[in-house]
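Shown next: input_31.txt, containing compact mmCIF, C-alpha atoms and all ligand atoms.
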```txt
# COMPACT_ATOMS: atom_id res chain seq x y z
CA MET O 1 26.82 -5.93 0.44
CA ALA O 2 28.42 -5.09 -2.87
CA THR O 3 31.55 -3.14 -3.59
CA GLU O 4 31.44 -0.27 -6.01
CA GLY O 5 34.56 1.82 -6.26
CA THR O 6 35.71 2.62 -2.76
CA HIS O 7 32.19 2.72 -1.27
CA ARG O 8 30.13 -0.20 -0.12
CA PHE O 9 26.46 -0.08 -1.03
CA TYR O 10 23.73 -2.21 0.37
CA ARG O 11 21.85 -4.21 -2.22
CA PRO O 12 18.67 -6.09 -1.27
CA SER O 13 19.11 -9.84 -1.68
CA GLY O 14 15.66 -10.23 -3.22
CA ARG O 15 14.85 -13.03 -0.77
CA VAL O 16 11.54 -13.50 1.00
CA GLU O 17 10.55 -15.68 3.96
CA ILE O 18 7.89 -17.18 1.77
CA ALA O 19 5.66 -18.85 4.39
CA ARG O 20 5.60 -15.79 6.65
CA PHE O 21 5.19 -13.42 3.72
CA VAL O 22 2.25 -15.36 2.26
CA GLY O 23 0.60 -15.66 5.70
CA CYS O 24 1.00 -11.95 6.43
CA SER O 25 -0.15 -11.07 2.89
CA ALA O 26 -3.36 -13.06 3.42
CA LEU O 27 -4.03 -11.05 6.57
CA ALA O 28 -3.19 -7.83 4.70
CA VAL O 29 -5.64 -8.73 1.91
CA ALA O 30 -8.36 -9.30 4.52
CA LEU O 31 -7.61 -5.87 6.02
CA ALA O 32 -7.66 -4.28 2.54
CA LEU O 33 -11.11 -5.83 2.03
CA LEU O 34 -12.19 -4.31 5.32
CA LEU O 35 -11.09 -0.89 4.00
CA ALA O 36 -13.04 -1.65 0.80
CA ALA O 37 -16.10 -2.21 3.00
CA VAL O 38 -15.43 1.15 4.69
CA MET O 39 -15.44 2.77 1.21
CA HIS O 40 -18.70 1.02 0.33
CA VAL O 41 -20.45 2.03 3.57
CA SER O 42 -19.25 5.62 3.08
CA PHE O 43 -20.62 5.58 -0.47
CA VAL O 44 -24.01 4.19 0.57
CA ASN O 45 -24.30 6.84 3.30
CA GLY O 46 -23.32 9.66 0.96
CA GLN O 47 -20.06 10.19 2.84
CA TYR O 48 -17.74 9.11 0.04
CA PHE O 49 -15.46 12.10 -0.47
CA VAL O 50 -14.12 11.83 -4.00
CA PHE O 51 -10.27 11.60 -4.05
CA LEU O 52 -10.00 12.37 -0.32
CA LEU O 53 -11.33 9.06 1.02
CA PRO O 54 -9.22 6.95 -1.40
CA LEU O 55 -6.20 9.10 -0.52
CA PHE O 56 -6.65 8.57 3.22
CA LEU O 57 -7.32 4.84 2.89
CA SER O 58 -4.45 4.42 0.44
CA ILE O 59 -2.05 5.65 3.13
CA LEU O 60 -3.62 3.18 5.58
CA VAL O 61 -3.34 0.25 3.17
CA ALA O 62 0.24 1.30 2.44
CA GLY O 63 0.96 1.02 6.17
CA ILE O 64 -0.55 -2.47 6.16
CA GLY O 65 1.69 -3.36 3.20
CA LYS O 66 4.72 -1.99 4.99
CA TRP O 67 3.97 -4.15 8.03
CA THR O 68 3.59 -7.20 5.72
CA ILE O 69 7.03 -6.57 4.22
CA VAL O 70 8.68 -6.16 7.63
CA ALA O 71 6.94 -9.19 9.19
CA GLY O 72 7.36 -11.32 6.04
CA HIS O 73 11.09 -10.43 5.81
CA CYS O 74 10.57 -9.35 2.21
CA ARG O 75 13.85 -8.03 0.72
CA SER O 76 12.56 -8.06 -2.84
CA PRO O 77 11.49 -4.62 -4.15
CA LEU O 78 9.68 -6.48 -6.94
CA TRP O 79 7.55 -8.38 -4.44
CA GLY O 80 7.09 -5.14 -2.51
CA VAL O 81 5.66 -3.51 -5.64
CA ALA O 82 3.53 -6.60 -6.43
CA LEU O 83 2.12 -6.55 -2.89
CA GLY O 84 1.30 -2.84 -3.26
CA LEU O 85 -0.52 -3.48 -6.55
CA LEU O 86 -2.43 -6.36 -4.96
CA LEU O 87 -3.49 -4.46 -1.82
CA GLY O 88 -4.43 -1.28 -3.71
CA SER O 89 -6.48 -3.29 -6.21
CA VAL O 90 -8.17 -5.41 -3.54
CA MET O 91 -9.20 -2.23 -1.76
CA TYR O 92 -10.42 -0.19 -4.73
CA LEU O 93 -11.86 -2.94 -6.95
CA GLY O 94 -13.13 -4.68 -3.79
CA TYR O 95 -15.12 -1.52 -3.05
CA TYR O 96 -16.97 -1.99 -6.36
CA HIS O 97 -17.27 -5.72 -5.83
CA ILE O 98 -18.94 -5.20 -2.44
CA GLY O 99 -21.25 -2.70 -4.15
CA MET O 100 -22.16 -5.29 -6.79
CA VAL O 101 -22.93 -7.96 -4.18
CA HIS O 102 -24.87 -5.40 -2.13
CA GLU O 103 -27.05 -4.48 -5.11
CA SER O 104 -27.39 -7.86 -6.83
CA GLY O 105 -27.33 -10.33 -3.96
CA VAL O 106 -24.86 -12.64 -2.26
CA GLN O 107 -25.22 -15.26 -5.02
CA TYR O 108 -23.05 -12.93 -7.18
CA VAL O 109 -20.12 -12.96 -4.76
CA HIS O 110 -18.03 -15.29 -6.97
CA ARG O 111 -18.99 -13.58 -10.25
CA LEU O 112 -15.80 -11.58 -10.70
CA ASP O 113 -16.45 -11.79 -14.45
CA LEU O 114 -19.36 -9.35 -13.98
CA LEU O 115 -17.21 -6.83 -12.12
CA PRO O 116 -15.96 -4.89 -15.21
CA SER O 117 -19.50 -4.29 -16.49
CA TYR O 118 -20.67 -3.35 -12.98
CA ILE O 119 -17.79 -0.87 -12.70
CA GLU O 120 -18.75 0.56 -16.10
CA PHE O 121 -22.34 0.92 -14.90
CA ARG O 122 -21.23 2.67 -11.72
CA VAL O 123 -18.69 4.93 -13.40
CA THR O 124 -21.19 6.15 -15.98
CA THR O 125 -24.13 6.56 -13.59
CA ASP O 126 -22.64 7.64 -10.23
CA VAL O 127 -23.54 11.21 -9.51
CA MET O 128 -21.29 13.62 -7.67
CA GLU O 129 -22.91 15.89 -5.17
CA ASP O 130 -21.67 19.10 -3.69
CA HIS O 131 -21.77 18.62 0.09
CA SER O 132 -22.27 22.34 0.65
CA ARG O 133 -25.35 22.20 -1.60
CA PRO O 134 -27.06 18.83 -0.95
CA GLY O 135 -29.19 17.63 -3.85
CA ALA O 136 -27.54 20.01 -6.34
CA GLY O 137 -25.78 17.18 -8.18
CA SER O 138 -28.79 14.99 -8.70
CA THR O 139 -31.01 17.78 -9.96
CA GLY O 140 -28.33 19.30 -12.15
CA GLN O 141 -26.87 18.26 -15.46
CA ASN O 142 -26.62 14.59 -14.51
CA SER O 143 -30.28 14.08 -13.68
CA GLY O 144 -30.94 12.56 -17.13
CA ARG O 145 -28.35 9.83 -16.39
CA GLN O 146 -26.12 11.09 -19.15
CA PRO O 147 -22.73 9.45 -19.29
CA ASP O 148 -20.44 11.38 -16.97
CA VAL O 149 -17.47 12.46 -19.06
CA PHE O 150 -15.37 12.77 -15.93
CA GLY O 151 -16.46 9.36 -14.64
CA TRP O 152 -13.60 7.38 -16.13
CA SER O 153 -10.98 10.02 -15.33
CA ARG O 154 -12.23 9.99 -11.76
CA PHE O 155 -12.11 6.17 -11.67
CA TRP O 156 -8.55 5.93 -13.03
CA LEU O 157 -7.31 8.78 -10.88
CA GLU O 158 -8.78 7.25 -7.73
CA TYR O 159 -7.42 3.83 -8.71
CA SER O 160 -3.96 5.36 -9.22
CA ILE O 161 -4.18 6.99 -5.79
CA CYS O 162 -5.08 3.60 -4.26
CA LEU O 163 -2.11 1.95 -5.97
CA GLY O 164 0.39 4.80 -5.58
CA PHE O 165 1.06 4.79 -1.86
CA PRO O 166 1.18 0.98 -1.34
CA VAL O 167 3.45 0.53 -4.37
CA CYS O 168 5.90 3.27 -3.30
CA PHE O 169 5.91 2.15 0.35
CA GLY O 170 6.41 -1.48 -0.77
CA PHE O 171 9.32 -0.64 -3.05
CA VAL O 172 11.08 1.58 -0.53
CA ARG O 173 10.52 -0.66 2.51
CA ALA O 174 11.77 -3.84 0.81
CA ARG O 175 15.04 -2.04 -0.03
CA ARG O 176 15.82 -1.21 3.58
CA PRO O 177 19.03 -2.85 4.89
CA TYR O 178 18.62 -6.39 6.11
CA CYS O 179 21.30 -8.60 7.66
CA GLU O 180 21.20 -11.93 5.86
CA ARG O 181 23.43 -13.47 8.55
CA CYS O 182 21.23 -12.55 11.52
CA GLY O 183 18.00 -12.83 9.54
CA ALA O 184 16.86 -9.43 10.80
CA TRP O 185 16.22 -5.91 9.55
CA GLN O 186 19.07 -3.59 10.37
CA THR O 187 18.60 -0.61 12.58
CA GLN O 188 20.62 2.55 12.62
CA ARG O 189 21.58 4.70 15.57
CA GLN O 190 23.70 7.73 15.86
CA ALA O 191 25.80 8.73 18.82
CA TYR O 192 28.33 11.47 19.44
CA PHE O 193 31.68 10.87 21.16
CA PRO O 194 34.70 13.07 21.82
CA GLU O 195 37.08 13.52 18.91
CA GLY O 196 39.70 10.82 18.43
CA ILE O 197 37.95 8.14 20.46
CA GLY O 198 36.66 6.31 17.31
CA PRO O 199 39.34 3.65 16.67
CA ALA O 200 39.54 2.71 20.38
CA LEU O 201 35.77 2.40 20.54
CA VAL O 202 35.66 0.13 17.48
CA ARG O 203 38.45 -2.06 18.94
CA PHE O 204 36.60 -2.33 22.21
CA ASP O 205 33.17 -3.04 20.70
CA SER O 206 34.26 -5.39 17.90
CA ARG O 207 35.32 -7.90 20.59
CA ALA O 208 31.76 -7.90 21.95
CA GLN O 209 29.84 -7.45 18.66
CA PRO O 210 31.98 -8.76 15.76
CA ALA O 211 29.17 -8.41 13.21
CA ARG O 212 28.46 -4.76 13.87
CA SER O 213 29.56 -2.26 11.27
CA TYR O 214 30.61 1.33 11.84
CA GLY O 215 30.48 4.47 9.84
CA LEU O 216 32.97 6.88 11.38
CA VAL O 217 32.80 10.46 10.27
ZN ZN O 301 23.65 -9.29 11.43
```

Show the structure stored in the file as structure tokens.
Amino acid sequence: MATEGTHRFYRPSGRVEIARFVGCSALAVALALLLAAVMHVSFVNGQYFVFLLPLFLSILVAGIGKWTIVAGHCRSPLWGVALGLLLGSVMYLGYYHIGMVHESGVQYVHRLDLLPSYIEFRVTTDVMEDHSRPGAGSTGQNSGRQPDVFGWSRFWLEYSICLGFPVCFGFVRARRPYCERCGAWQTQRQAYFPEGIGPALVRFDSRAQPARSYGLV
């Protein structure tokens, strides 16, 4: 808690339960890789809906990140943002990495150095197809494997979508009130009582729950 004028504002302490946070993050990374595999399988089966699939999975990976922050007691918005960047990147770049290993063989699994050129290859040669007119994309303007001028815009836009939700969720969730004394996230409840009963209620309850704080309106 910090005092500013007459109001008291909650400020996140920036602390993290490092062992729990790292453990949960490892699990979250594994789940993000699983979502990357979902993207890859969708792509191979022609079910990769441009923008829509990354959007949907980005919300899922953001939920995984949110759980990591809660379970890892992460009160650092900076770490929340870093986790979001990590999970979004693992999912979207992992999707290309799985594609590279799928096409080139499992012996390339550690060759992350080849990933940028593989992404460039994919971005400039992937062909979009209109699902209402199957085959239209591959027989249209892109049949000559001309560089797709929208390829890079599509890549960066999809990448931003994959980062956007986990980063925002991470930042917001890590700033939620946390009681450093109890070592727990704070919850908020609202109840209505008859007028004038407030002070008596606080007196009564503060004997049982000294740490509890009240906002009386
Ligand atoms: Zn407490």

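For segment 8-17 of chain O, the residues within 8 Å (counting only C-alpha atoms, excluding itself and residues fewer than 5 positions away along the chain) are O:Met1, O:Ala2, O:Thr3, O:Gly72, O:His73, O:Cys74, O:Arg75, O:Ser76, O:Pro77, O:Leu78, O:Ala174, O:Arg175, O:Arg176, O:Pro177, O:Tyr178.
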
With the cut-off set at 9 Å and counting only C-alpha atoms, tabulate each residue of segment 25-79 of chain O with an atom at most that distance from an atom of segment 91-110 of chain O, showing the nearest atom pair and its distance in Å to one decimal, ordered by chain and increasing number, as CSV.
```
residue,atom,partner,partner_atom,distance
O:Val29,CA,O:Met91,CA,8.3
O:Leu31,CA,O:Met91,CA,8.7
O:Ala32,CA,O:Met91,CA,5.0
O:Leu33,CA,O:Met91,CA,5.6
O:Leu34,CA,O:Met91,CA,8.0
O:Leu35,CA,O:Met91,CA,6.2
O:Ala36,CA,O:Tyr95,CA,4.4
O:Ala37,CA,O:Tyr95,CA,6.2
O:Val38,CA,O:Tyr95,CA,8.2
O:Met39,CA,O:Tyr95,CA,6.1
O:His40,CA,O:Tyr95,CA,5.5
O:Val44,CA,O:Gly99,CA,8.8
O:Pro54,CA,O:Tyr92,CA,8.0
O:Leu57,CA,O:Met91,CA,8.7
O:Ser58,CA,O:Met91,CA,8.5
O:Val61,CA,O:Met91,CA,8.0
```

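Considering only C-alpha atoms and all ligand atoms, the residues that reside within 7 Å of ligand ZN 301 (chain O) can be listed as O:Cys179, O:Glu180, O:Arg181, O:Cys182, O:Gly183, O:Ala184, O:Ala211.
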
Notebook entry, point to check: Rounded to one decimal in Å, what is the spacing between atom CA of Met128 of chain O and atom CA of Leu55 of chain O?
Noted result: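 It comes out at 17.3 Å.
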
Item checked: Coordinates-based distance that separates atom CA of His7 of chain O from atom CA of Arg207 of chain O (Å, one decimal) ->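 Answer for the atom CA of Arg207 of chain O to atom CA of His7 of chain O separation: 24.5 Å.
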
Margin query: So, with all atoms listed in the file as the atoms that count, which of O:Gly151, O:Pro199, O:Gly63, O:Pro194 lies closest to Val167 of chain O?
Written below: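 Once distances to Val167 of chain O are computed over all atoms listed in the file, the minimum belongs to O:Gly63.
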
Notebook entry, point to check: For Phe21 of chain O, which residue out of O:Ile119, O:Val41, O:Ala71, O:Val202 is the nearest one, using only C-alpha atoms?
Noted result: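 Looking at the shortest contact to Phe21 of chain O, the residue is O:Ala71.
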
In the coordinates of the file, take the point (-21.3, 0.5, -13.8) and a cut-off of 12 Å; then, counting only C-alpha atoms, name each qualifying protein, DNA or RNA residue as a compact mmCIF listing (two decimals) with C-alpha atoms, in the frame of the given file.
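Result file is result.txt:
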```txt
# COMPACT_ATOMS: atom_id res chain seq x y z
CA TYR O 96 -16.97 -1.99 -6.36
CA HIS O 97 -17.27 -5.72 -5.83
CA GLY O 99 -21.25 -2.70 -4.15
CA MET O 100 -22.16 -5.29 -6.79
CA GLU O 103 -27.05 -4.48 -5.11
CA LEU O 114 -19.36 -9.35 -13.98
CA LEU O 115 -17.21 -6.83 -12.12
CA PRO O 116 -15.96 -4.89 -15.21
CA SER O 117 -19.50 -4.29 -16.49
CA TYR O 118 -20.67 -3.35 -12.98
CA ILE O 119 -17.79 -0.87 -12.70
CA GLU O 120 -18.75 0.56 -16.10
CA PHE O 121 -22.34 0.92 -14.90
CA ARG O 122 -21.23 2.67 -11.72
CA VAL O 123 -18.69 4.93 -13.40
CA THR O 124 -21.19 6.15 -15.98
CA THR O 125 -24.13 6.56 -13.59
CA ASP O 126 -22.64 7.64 -10.23
CA VAL O 127 -23.54 11.21 -9.51
CA ARG O 145 -28.35 9.83 -16.39
CA PRO O 147 -22.73 9.45 -19.29
CA ASP O 148 -20.44 11.38 -16.97
CA GLY O 151 -16.46 9.36 -14.64
CA TRP O 152 -13.60 7.38 -16.13
CA PHE O 155 -12.11 6.17 -11.67
```

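Closest to Ile161 of chain O among O:Ile59, O:Ala200, O:Ala191, O:Val81 is O:Ile59, based on only C-alpha atoms.
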
Next item on the list: For atom CA of Gln188 of chain O and atom CA of Phe169 of chain O, determine how far apart the two atoms are, in Å to one decimal place.
Entry: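 Atom CA of Phe169 of chain O lies 19.2 Å from atom CA of Gln188 of chain O.
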
Check: Neighbours of Gly23 of chain O within 10 Å (all atoms listed in the file; same-chain residues fewer than 4 positions away dropped), as a count of residues only?
Finding: 7

Once 3 Å is added on each side, what are the centre and the three edge lengths, in Å to one decimal, of the axis-aligned box enclosing the listed atoms of segment 46-65 of chain O? Present them as AutoDock Vina command-line options.
```
--center_x -10.8 --center_y 4.5 --center_z 1.1 --size_x 31.0 --size_y 21.7 --size_z 16.2
```

Next item on the list: Would you mind telling me which residue in O:Lys66, O:Arg154, O:Arg203, O:His131 lies nearest to Gln47 of chain O when using all atoms listed in the file?
Entry: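 The answer is O:His131, which sits nearest to Gln47 of chain O.
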